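Undergrad: So here's coords_30.txt (compact mmCIF, C-alpha atoms).
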# COMPACT_ATOMS: atom_id res chain seq x y z
CA MET Z 16 86.12 161.57 21.56
CA HIS Z 17 85.81 159.55 18.35
CA ILE Z 18 87.90 156.35 18.35
CA PRO Z 19 89.86 156.16 15.06
CA ASP Z 20 90.79 153.06 13.06
CA GLY Z 21 93.67 150.94 14.33
CA ILE Z 22 93.47 151.93 18.00
CA ILE Z 23 91.32 149.13 19.40
CA PRO Z 24 91.49 145.38 18.68
CA ALA Z 25 89.38 143.80 15.92
CA GLN Z 26 87.34 141.81 18.45
CA VAL Z 27 86.17 145.01 20.16
CA CYS Z 28 85.28 146.53 16.75
CA ALA Z 29 83.24 143.42 15.91
CA GLY Z 30 81.53 143.55 19.33
CA GLY Z 31 80.68 147.22 18.71
CA TYR Z 32 79.10 146.39 15.35
CA ALA Z 33 77.11 143.52 16.91
CA LEU Z 34 75.77 145.76 19.68
CA THR Z 35 75.01 148.52 17.17
CA GLY Z 36 73.11 146.08 14.93
CA LEU Z 37 71.04 144.86 17.87
CA THR Z 38 70.29 148.37 19.11
CA THR Z 39 69.36 149.56 15.60
CA TRP Z 40 66.90 146.69 15.27
CA TYR Z 41 65.33 147.48 18.66
CA VAL Z 42 65.18 151.25 18.06
CA LEU Z 43 63.61 150.90 14.58
CA ARG Z 44 61.04 148.55 16.10
CA GLN Z 45 60.20 151.19 18.73
CA ILE Z 46 59.94 153.89 16.04
CA ARG Z 47 57.64 151.72 13.92
CA ARG Z 48 55.32 151.25 16.88
CA GLY Z 49 54.59 154.99 16.96
CA PRO Z 50 51.47 156.38 15.24
CA ASP Z 51 53.52 157.98 12.42
CA PRO Z 52 57.10 156.70 12.04
CA SER Z 53 58.12 159.43 9.58
CA GLU Z 54 56.71 162.25 11.73
CA ALA Z 55 60.01 163.22 13.39
CA VAL Z 56 62.26 162.61 10.34
CA PRO Z 57 62.57 166.34 9.44
CA LYS Z 58 63.60 167.16 13.01
CA ALA Z 59 66.00 164.19 13.10
CA ALA Z 60 67.58 165.25 9.77
CA LEU Z 61 68.21 168.79 11.02
CA LEU Z 62 69.67 167.60 14.31
CA ALA Z 63 71.88 165.07 12.49
CA ALA Z 64 73.38 168.07 10.67
CA ALA Z 65 73.90 169.83 14.03
CA PHE Z 66 75.59 166.67 15.36
CA PHE Z 67 77.87 166.55 12.30
CA ILE Z 68 78.88 170.21 12.60
CA GLY Z 69 79.19 170.08 16.41
CA SER Z 70 82.22 167.79 16.22
CA SER Z 71 84.06 170.45 14.18
CA ILE Z 72 83.65 173.06 16.91
CA ASN Z 73 86.75 172.71 19.08
CA ILE Z 74 86.71 174.09 22.61
CA PRO Z 75 90.18 174.57 24.12
CA VAL Z 76 90.41 173.21 27.68
CA PRO Z 77 94.18 173.53 28.32
CA PRO Z 78 96.25 171.47 27.87
CA VAL Z 79 93.87 169.62 25.50
CA SER Z 80 90.99 170.64 23.29
CA VAL Z 81 87.59 168.97 23.17
CA HIS Z 82 84.70 169.31 20.76
CA LEU Z 83 80.92 169.42 21.10
CA VAL Z 84 79.15 166.07 20.81
CA LEU Z 85 75.49 167.06 21.42
CA ASN Z 86 74.37 163.44 21.87
CA GLY Z 87 72.44 164.30 25.05
CA LEU Z 88 70.63 167.10 23.22
CA LEU Z 89 69.69 164.73 20.40
CA GLY Z 90 68.43 162.13 22.87
CA ALA Z 91 66.27 164.70 24.67
CA LEU Z 92 64.78 166.25 21.51
CA LEU Z 93 64.52 163.20 19.27
CA GLY Z 94 63.90 160.26 21.60
CA TRP Z 95 64.41 156.99 19.72
CA TYR Z 96 65.20 158.91 16.50
CA ALA Z 97 68.43 160.06 18.12
CA TRP Z 98 70.01 156.66 17.45
CA PRO Z 99 69.65 156.68 13.61
CA ALA Z 100 70.56 160.39 13.53
CA ILE Z 101 73.80 159.73 15.46
CA LEU Z 102 74.60 156.61 13.42
CA ILE Z 103 74.26 158.51 10.12
CA GLY Z 104 76.15 161.50 11.53
CA LEU Z 105 79.04 159.29 12.65
CA PHE Z 106 79.15 157.54 9.27
CA LEU Z 107 79.40 160.88 7.46
CA GLN Z 108 82.01 162.18 9.93
CA ALA Z 109 84.19 159.10 9.40
CA LEU Z 110 83.82 159.27 5.63
CA LEU Z 111 84.10 162.99 4.98
CA ILE Z 112 86.20 164.61 7.70
CA GLY Z 113 88.11 161.64 9.11
CA HIS Z 114 86.61 161.80 12.62
CA GLY Z 115 86.44 158.24 13.93
CA GLY Z 116 86.73 155.41 11.43
CA LEU Z 117 84.71 152.86 9.52
CA THR Z 118 86.02 149.88 11.51
CA THR Z 119 85.19 151.67 14.77
CA LEU Z 120 81.78 152.95 13.61
CA GLY Z 121 80.00 150.36 15.76
CA VAL Z 122 81.97 151.19 18.90
CA ASN Z 123 81.54 154.93 18.37
CA ALA Z 124 77.79 154.48 17.79
CA VAL Z 125 77.47 152.56 21.08
CA MET Z 126 79.64 155.15 22.84
CA MET Z 127 77.53 158.14 21.75
CA GLY Z 128 74.18 156.54 20.90
CA LEU Z 129 73.45 154.59 24.07
CA PRO Z 130 74.01 157.64 26.31
CA ALA Z 131 71.66 159.55 23.96
CA LEU Z 132 68.96 156.94 24.61
CA ILE Z 133 69.62 157.26 28.36
CA ALA Z 134 69.37 161.06 27.97
CA ARG Z 135 65.95 160.47 26.40
CA GLY Z 136 64.92 158.68 29.60
CA ILE Z 137 66.32 161.49 31.77
CA PHE Z 138 64.42 164.10 29.78
CA GLN Z 139 61.19 162.16 30.41
CA LEU Z 140 61.64 163.13 34.07
CA ARG Z 141 60.28 166.56 33.14
CA TYR Z 142 56.79 165.14 33.58
CA PRO Z 143 57.12 164.03 37.24
CA LEU Z 144 59.26 167.10 37.93
CA GLY Z 145 56.62 169.33 36.30
CA ALA Z 146 54.06 168.09 38.84
CA ARG Z 147 56.12 169.60 41.67
CA LEU Z 148 57.90 172.53 40.00
CA PRO Z 149 56.92 175.22 37.48
CA LEU Z 150 57.19 173.78 33.94
CA PRO Z 151 60.17 175.94 32.82
CA TRP Z 152 62.12 174.78 35.88
CA ALA Z 153 61.28 171.14 35.22
CA LEU Z 154 62.26 171.52 31.56
CA GLY Z 155 65.49 173.29 32.50
CA ILE Z 156 66.56 170.70 35.07
CA ALA Z 157 65.66 167.70 32.91
CA GLY Z 158 67.33 169.34 29.90
CA PHE Z 159 70.53 170.04 31.83
CA GLY Z 160 70.63 166.46 33.15
CA ALA Z 161 70.09 165.01 29.67
CA GLY Z 162 72.67 167.25 27.99
CA ALA Z 163 75.36 166.85 30.65
CA LEU Z 164 74.90 163.13 31.29
CA GLY Z 165 74.79 162.32 27.56
CA ILE Z 166 78.34 163.56 27.03
CA GLY Z 167 79.48 162.44 30.51
CA LEU Z 168 78.42 158.81 29.93
CA ALA Z 169 79.96 158.86 26.44
CA ALA Z 170 83.27 160.01 27.96
CA LEU Z 171 83.09 157.22 30.55
CA ILE Z 172 82.49 154.56 27.87
CA PHE Z 173 85.40 156.00 25.85
CA PHE Z 174 87.64 155.84 28.92
CA GLY Z 175 86.60 152.23 29.65
CA VAL Z 176 87.10 151.01 26.07
CA ILE Z 177 90.54 152.63 25.76
CA VAL Z 178 91.85 151.67 29.22
CA PHE Z 179 90.96 148.00 28.74
CA THR Z 180 92.51 147.83 25.27
CA ILE Z 181 95.84 149.60 25.80
CA PRO Z 182 98.50 147.33 24.22
CA SER Z 183 100.92 145.89 26.77
CA GLU Z 184 103.91 147.38 24.90
CA PHE Z 185 102.82 150.92 25.72
CA THR Z 186 103.74 152.69 28.93
CA LEU Z 187 100.47 152.24 30.78
CA THR Z 188 101.03 155.08 33.25
CA THR Z 189 101.69 157.64 30.50
CA GLU Z 190 98.64 156.59 28.50
CA ARG Z 191 96.43 156.48 31.61
CA ASN Z 192 97.57 159.95 32.67
CA ALA Z 193 96.88 161.32 29.18
CA LEU Z 194 93.43 159.69 29.27
CA LEU Z 195 92.71 161.08 32.72
CA GLY Z 196 93.63 164.57 31.49
CA LEU Z 197 91.21 164.18 28.58
CA MET Z 198 88.45 162.95 30.88
CA VAL Z 199 88.88 165.89 33.26
CA ALA Z 200 88.66 168.21 30.25
CA HIS Z 201 85.18 166.80 29.57
CA ILE Z 202 83.78 168.14 32.87
CA PRO Z 203 83.56 171.74 31.53
CA LEU Z 204 82.11 170.29 28.31
CA MET Z 205 79.37 168.59 30.36
CA LEU Z 206 78.47 171.97 31.85
CA ILE Z 207 78.53 173.63 28.42
CA GLU Z 208 76.33 170.98 26.77
CA GLY Z 209 74.00 170.85 29.79
CA THR Z 210 73.56 174.63 29.76
CA PHE Z 211 73.10 174.72 25.98
CA THR Z 212 70.43 172.00 26.17
CA THR Z 213 68.63 173.87 28.97
CA LEU Z 214 68.62 177.13 27.03
CA LEU Z 215 67.41 175.44 23.85
CA MET Z 216 64.60 173.66 25.71
CA LEU Z 217 63.45 176.88 27.34
CA PHE Z 218 63.58 178.66 23.97
CA LEU Z 219 61.58 175.91 22.25
CA HIS Z 220 59.10 175.88 25.13
CA ARG Z 221 58.44 179.55 24.40
CA VAL Z 222 58.36 179.57 20.60
CA LYS Z 223 57.38 176.04 19.52
CA PRO Z 224 56.40 173.82 22.48
CA GLU Z 225 55.08 171.06 20.20
CA LEU Z 226 58.70 170.21 19.31
CA LEU Z 227 59.24 169.07 22.90
CA LYS Z 228 56.68 166.28 22.91
CA SER Z 229 57.99 162.70 23.11
CA GLN Z 230 58.81 161.05 19.80
CA GLY Z 231 58.52 157.50 18.56
CA GLY Z 232 56.59 155.47 21.10
CA MET E 6 176.12 134.86 45.00
CA ALA E 7 175.39 137.56 47.50
CA ARG E 8 176.12 140.09 44.76
CA SER E 9 173.84 138.38 42.29
CA GLN E 10 171.03 138.34 44.92
CA ALA E 11 171.54 142.05 45.54
CA TYR E 12 171.53 142.63 41.78
CA PHE E 13 168.21 140.72 41.48
CA GLY E 14 166.90 142.70 44.47
CA ASP E 15 167.95 145.96 42.79
CA LEU E 16 166.09 144.89 39.67
CA LEU E 17 162.99 143.59 41.46
CA LEU E 18 161.96 146.89 43.05
CA PRO E 19 161.94 148.95 39.84
CA LEU E 20 160.21 146.04 38.06
CA MET E 21 157.41 145.97 40.68
CA VAL E 22 157.02 149.74 40.52
CA ALA E 23 156.87 149.57 36.75
CA LEU E 24 154.29 146.79 36.84
CA GLY E 25 152.24 148.73 39.38
CA LEU E 26 152.31 151.85 37.22
CA TRP E 27 151.37 149.82 34.14
CA GLY E 28 148.49 148.29 36.07
CA GLN E 29 147.33 151.75 37.13
CA ALA E 30 147.58 152.94 33.58
CA GLN E 31 145.47 149.99 32.42
CA THR E 32 142.80 150.81 35.05
CA ALA E 33 142.78 154.45 34.01
CA GLN E 34 142.34 153.46 30.35
CA ALA E 35 139.14 151.44 31.23
CA HIS E 36 137.48 154.68 32.42
CA GLY E 37 138.10 156.39 29.10
CA ALA E 38 135.19 156.99 26.75
CA HIS E 39 135.12 157.45 23.04
CA ILE E 40 132.47 158.73 20.71
CA GLN E 41 132.47 157.86 17.08
CA ALA E 42 130.02 159.38 14.67
CA ASN E 43 128.67 157.15 11.90
CA GLU E 44 126.45 158.09 9.05
CA ILE E 45 123.13 156.23 9.18
CA THR E 46 119.81 156.47 7.44
CA ALA E 47 117.02 157.09 9.95
CA VAL E 48 113.34 157.75 9.54
CA GLU E 49 111.77 160.61 11.44
CA ILE E 50 108.04 160.81 11.93
CA GLU E 51 106.08 163.83 13.08
CA ALA E 52 102.68 163.24 14.63
CA THR E 53 100.10 166.02 14.92
CA TYR E 54 96.43 166.22 15.77
CA ASP E 55 94.11 167.40 13.01
CA SER E 56 93.99 170.76 14.80
CA GLY E 57 97.70 171.09 13.98
CA GLU E 58 98.94 170.63 17.56
CA PRO E 59 101.85 168.20 17.95
CA MET E 60 101.18 164.86 19.66
CA ALA E 61 103.72 165.47 22.42
CA GLU E 62 104.90 162.50 24.50
CA ALA E 63 102.62 160.10 22.65
CA GLY E 64 103.33 156.35 22.62
CA VAL E 65 105.01 155.01 19.46
CA GLU E 66 105.26 151.44 18.18
CA VAL E 67 107.30 150.50 15.12
CA TYR E 68 106.81 147.11 13.42
CA ASP E 69 109.35 145.74 10.95
CA PRO E 70 108.20 144.23 7.63
CA THR E 71 108.66 140.64 8.80
CA ASP E 72 106.77 140.68 12.10
CA PRO E 73 103.56 142.73 12.28
CA GLN E 74 102.74 141.33 15.74
CA THR E 75 105.71 142.27 17.90
CA PRO E 76 106.90 145.88 17.87
CA ARG E 77 110.54 146.25 16.88
CA PHE E 78 110.91 149.68 18.53
CA THR E 79 108.76 151.38 21.14
CA GLY E 80 109.11 154.82 22.63
CA GLN E 81 107.60 158.26 22.97
CA THR E 82 107.48 161.29 20.73
CA ASP E 83 109.24 164.45 21.89
CA ARG E 84 107.60 167.80 22.65
CA ASP E 85 107.19 168.48 18.93
CA GLY E 86 105.58 165.11 18.25
CA ARG E 87 108.74 163.72 16.59
CA PHE E 88 110.24 160.23 16.84
CA SER E 89 113.16 158.67 14.92
CA PHE E 90 114.12 155.09 14.25
CA THR E 91 116.68 153.33 12.07
CA PRO E 92 115.26 150.70 9.74
CA ASP E 93 117.72 147.87 9.09
CA GLN E 94 115.87 146.09 6.30
CA SER E 95 113.83 147.01 3.27
CA GLY E 96 110.06 146.64 3.14
CA ASP E 97 107.00 148.28 4.64
CA TRP E 98 107.55 149.48 8.21
CA GLU E 99 104.39 150.18 10.18
CA VAL E 100 104.35 152.98 12.73
CA THR E 101 101.56 153.47 15.27
CA VAL E 102 101.28 156.64 17.35
CA ARG E 103 98.64 156.90 20.05
CA GLN E 104 97.75 159.16 22.93
CA ALA E 105 94.65 159.04 25.11
CA GLY E 106 92.73 156.88 22.64
CA HIS E 107 93.60 159.02 19.63
CA GLY E 108 96.24 158.22 17.07
CA ALA E 109 97.16 157.09 13.60
CA ILE E 110 98.96 154.36 11.67
CA ALA E 111 101.47 155.00 8.88
CA VAL E 112 103.11 152.47 6.57
CA ILE E 113 106.59 153.62 5.54
CA PRO E 114 108.12 151.85 2.51
CA VAL E 115 111.91 151.53 2.95
CA SER E 116 113.93 150.67 -0.16
CA GLY E 117 116.96 148.37 -0.36
CA ASP E 118 119.54 151.09 0.33
CA GLY E 119 117.67 152.15 3.49
CA THR E 120 115.97 155.25 2.14
CA ILE E 121 112.26 155.96 2.06
CA THR E 122 110.84 156.66 -1.35
CA ALA E 123 109.19 159.99 -0.54
CA ALA E 124 107.73 162.01 2.30
CA ILE E 125 104.73 160.10 3.55
CA GLN E 126 101.69 161.84 4.96
CA THR E 127 98.66 160.04 6.29
CA ASN E 128 95.22 161.62 6.46
CA THR E 129 96.12 165.01 5.05
CA PRO E 130 94.33 167.50 7.33
CA LEU E 131 91.44 169.30 5.68
CA THR E 132 91.77 173.01 5.08
CA PRO E 133 89.13 175.26 6.70
CA LEU E 134 87.61 175.75 3.23
CA GLN E 135 87.35 171.99 2.63
CA ARG E 136 85.91 171.51 6.11
CA GLY E 137 83.37 174.27 5.49
CA LEU E 138 82.38 172.73 2.16
CA MET E 139 81.85 169.32 3.79
CA ALA E 140 79.74 170.85 6.57
CA GLY E 141 77.75 172.81 3.97
CA ALA E 142 77.15 169.73 1.82
CA VAL E 143 75.98 167.64 4.78
CA THR E 144 73.74 170.46 6.05
CA TRP E 145 72.26 170.89 2.58
CA GLY E 146 71.56 167.15 2.38
CA CYS E 147 69.94 167.12 5.81
CA VAL E 148 67.82 170.20 5.07
CA GLY E 149 66.75 168.58 1.80
CA THR E 150 65.73 165.41 3.64
CA ALA E 151 63.86 167.46 6.24
CA LEU E 152 62.00 169.44 3.54
CA TYR E 153 61.13 166.27 1.62
CA PHE E 154 59.49 164.64 4.64
CA TRP E 155 57.97 167.91 5.84
CA ARG E 156 56.36 168.52 2.42
CA GLY E 157 54.85 165.05 2.55
CA LYS E 158 53.04 166.00 5.75
CA ARG E 159 51.31 169.02 4.25
Starting from the file, lay out its structure as structure tokens.
TA:
Amino acid sequence: MHIPDGIIPAQVCAGGYALTGLTTWYVLRQIRRGPDPSEAVPKAALLAAAFFIGSSINIPVPPVSVHLVLNGLLGALLGWYAWPAILIGLFLQALLIGHGGLTTLGVNAVMMGLPALIARGIFQLRYPLGARLPLPWALGIAGFGAGALGIGLAALIFFGVIVFTIPSEFTLTTERNALLGLMVAHIPLMLIEGTFTTLLMLFLHRVKPELLKSQGG
Amino acid sequence: MARSQAYFGDLLLPLMVALGLWGQAQTAQAHGAHIQANEITAVEIEATYDSGEPMAEAGVEVYDPTDPQTPRFTGQTDRDGRFSFTPDQSGDWEVTVRQAGHGAIAVIPVSGDGTITAAIQTNTPLTPLQRGLMAGAVTWGCVGTALYFWRGKR
């Protein structure tokens, strides 16, 4: 899922960094507006570690293998804090284990961070859903939507970025078919991440419900 | 005169047959094929994912040292992720392998006599132990950060 160095043109890398800079500014502004900006830092730090480790867990979906991303989970649990957690996680992944790259850090942050912020919005639907359904059901449905759509949207952005930047010298059909195979392999991953997010939300609702309250404005 | 004409006629028929046979022989020779083996110095690359699986049927681009914009060779790796090319000049040859948005770049220095200086390996894959150590170090750092901010709240 991570785009490595040398795959996409320099202009796209620069665009990714510009969009990442803009989003970081906006997100930090939103965090600062909250009553206590450092309140969710411990939670964000722990989930950044989970994000870092998640990318090392490979799940074979023949003929390819995919890995956990957990961006939807971070968006649902951390709210705005998901963005800095993902940005730091991606930086460490690129530097320490060679997942992604430093030139593509901006593009990768947009690819995984923006869907996490959208997942935050989806998880907010637990409140209107909770008015009509029992709370565990509302939490489960909103959690599944956030977890599954977080990774699903990230895969779509990945597909779009790669398809529109395939060099003309390459056999387009071969590369598109390979990409399509990888995208199809992400459908089971959406179900896995959606289910995992649901189970975690239901567990936290039972043992520590205060962790589920909205963070950062 | 009549004798000399007959003599010419006697000669003409075998001559035409001979020419026809020669012509047929020439045509048959054009369908022949020959294979000659020459010794060359080629570079073989082997592309694998960091999980160790080969990058089978991945796109390959090879750039010569003088033109980094236009690929000199393009092609696909085989089932084992291998691709060969023959460099015809010394310098740094750049090889790009990509498949479904994943890939790598390698710079292969070719010396004057057409040989590469040593086996080149880009991004040496981490061993499970190294990977575990990295994960442990990052987790430790994150837990430390969490404890620092959590302590401040108490």
Undergrad: Which value, in Å to one decimal, gives the distance between CA of Val143 (chain E) and CA of Met16 (chain Z)?
TA: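 Spanning CA of Val143 (chain E) to CA of Met16 (chain Z) is a straight-line distance of 20.5 Å.
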Undergrad: Within 6 Å of region 113-118 of chain Z, counting only C-alpha atoms, which residues show up once you throw out same-chain ones fewer than 6 positions away? Write them as a PyMOL selection string, please.
TA: chain Z and resi 17-20
Undergrad: Dump as a ChimeraX atom specification the residues of chain E that approach chain Z to within 10 Å, counting only C-alpha atoms.
TA: /E:55-56,58,62-66,75-76,78-81,101-110,128-131,135-137,139-158
Undergrad: Would you mind listing what lies within 7 Å of Gly158 (chain Z) as a ChimeraX atom specification, with only C-alpha atoms counted and same-chain residues fewer than 2 positions away left out?
TA: /Z:138,154-156,160-162,209,212-213,216
Undergrad: Could you write out that same residue set with C-alpha atoms as a compact mmCIF listing (two decimals), in the coordinates of the input?
TA:
# COMPACT_ATOMS: atom_id res chain seq x y z
CA PHE Z 138 64.42 164.10 29.78
CA LEU Z 154 62.26 171.52 31.56
CA GLY Z 155 65.49 173.29 32.50
CA ILE Z 156 66.56 170.70 35.07
CA GLY Z 160 70.63 166.46 33.15
CA ALA Z 161 70.09 165.01 29.67
CA GLY Z 162 72.67 167.25 27.99
CA GLY Z 209 74.00 170.85 29.79
CA THR Z 212 70.43 172.00 26.17
CA THR Z 213 68.63 173.87 28.97
CA MET Z 216 64.60 173.66 25.71
Undergrad: Do you have the CA of Ser89 (chain E)-CA of Pro24 (chain Z) distance handy?
TA: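 Spanning CA of Ser89 (chain E) to CA of Pro24 (chain Z) is a straight-line distance of 25.7 Å.
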Undergrad: Name the residues within 10 Å of (76.2, 161.4, 32.0), counting all atoms listed in the file in the file's coordinates, and put them as a list in words.
TA: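 Here is the list of nearby residues: Gly87, Pro130, Ala131, Ile133, Ala134, Ile137, Gly160, Ala161, Gly162, Ala163, Leu164, Gly165, Ile166, Gly167, Leu168, Ala169, Ala170, Leu171, Met205 and Gly209 of chain Z.
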Undergrad: Taking all listed atoms of region 121-140 of chain Z, build the axis-aligned box, pad each of the six sides by 4 Å, then write its centre and edge lengths in Å to one decimal as lines of an AutoDock Vina configuration file.
TA:
center_x = 71.6
center_y = 157.2
center_z = 24.9
size_x = 28.8
size_y = 21.7
size_z = 26.3
Undergrad: May I ask for the distance between CA of Ala146 (chain Z) and CA of Lys223 (chain Z), given in Å to one decimal place?
TA: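 Interatomic distance, CA of Ala146 (chain Z) to CA of Lys223 (chain Z): 21.2 Å.
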Undergrad: Using all atoms listed in the file, which residue out of E:Thr53, E:Val112, E:Ala38, E:Arg77 lies closest to Thr91 (chain E)?
TA: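 Counting all atoms listed in the file, the residue closest to Thr91 (chain E) is E:Arg77.
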